[in-house]
Amino acid sequence: MSDTAETTMPSIDPAAMPPVKGGVTAYLTVEGAMKAADFYRKALGAELAFAMPPDESGRTMHVHLYINGSSVMLADPYPEYCSGPVEKLGGFNLSLHVGDTDASFARAVEAGATPVMPPEDMFWGARYAQVRDPFGVLWAFNQPR
């Protein structure tokens, strides 16, 4: 499919859409949005709220997940709509407030995330760790002490 080709959008009843949870919603553009959703299910306990069917080239325009009580949205890159992949952005992490940093870190690593910062007690009074998922997103686990 060329960059100038039109993408056919399916018709969706807005009343049938699941509610968005949380005050700020991350919307990530990653190569392989449905693969990322499956990874987040295994690594972070994500629940699939909704997903658009893939287009004719296998890209997914919209995936809605619930992670740790909030909504996280995903999409494959659609350069024709000016959305590039997350790995080109850098400079951020998604921080999950969890009850057990060590267990959350271990689960993510077991699912295939790369350890970045192992669990450690931090100066601000939390147990904290970081992993990078296979799609380039940096996740932090933050447990109040």
# chains A, B, ... in the order shown; residues from 1 in each chain; ligands from 1
>>> residues_around(residues="Met61 in chain A", least_positions_apart="3", cutoff="10 Å", atoms="only C-alpha atoms", output="list in words")
Thr7, Met9, Thr29, Ala33, Met34, Ala51, Met52, Pro53, Pro54, Asp55, Gly58, Leu74, Ala75, Asp76, Pro77 and Tyr78 of chain A
>>> residues_around(residues="range 100-104 of chain A", least_positions_apart="6", cutoff="7 Å", atoms="only C-alpha atoms", output="count of residues only")
7
>>> select_by_dssp(residues="range 1-72 of chain A", states="helix (DSSP H, G or I)", output="JSON, numbers by chain")
{"A": [14, 15, 16, 33, 34, 35, 36, 37, 38, 39, 40, 41, 42, 43, 44]}
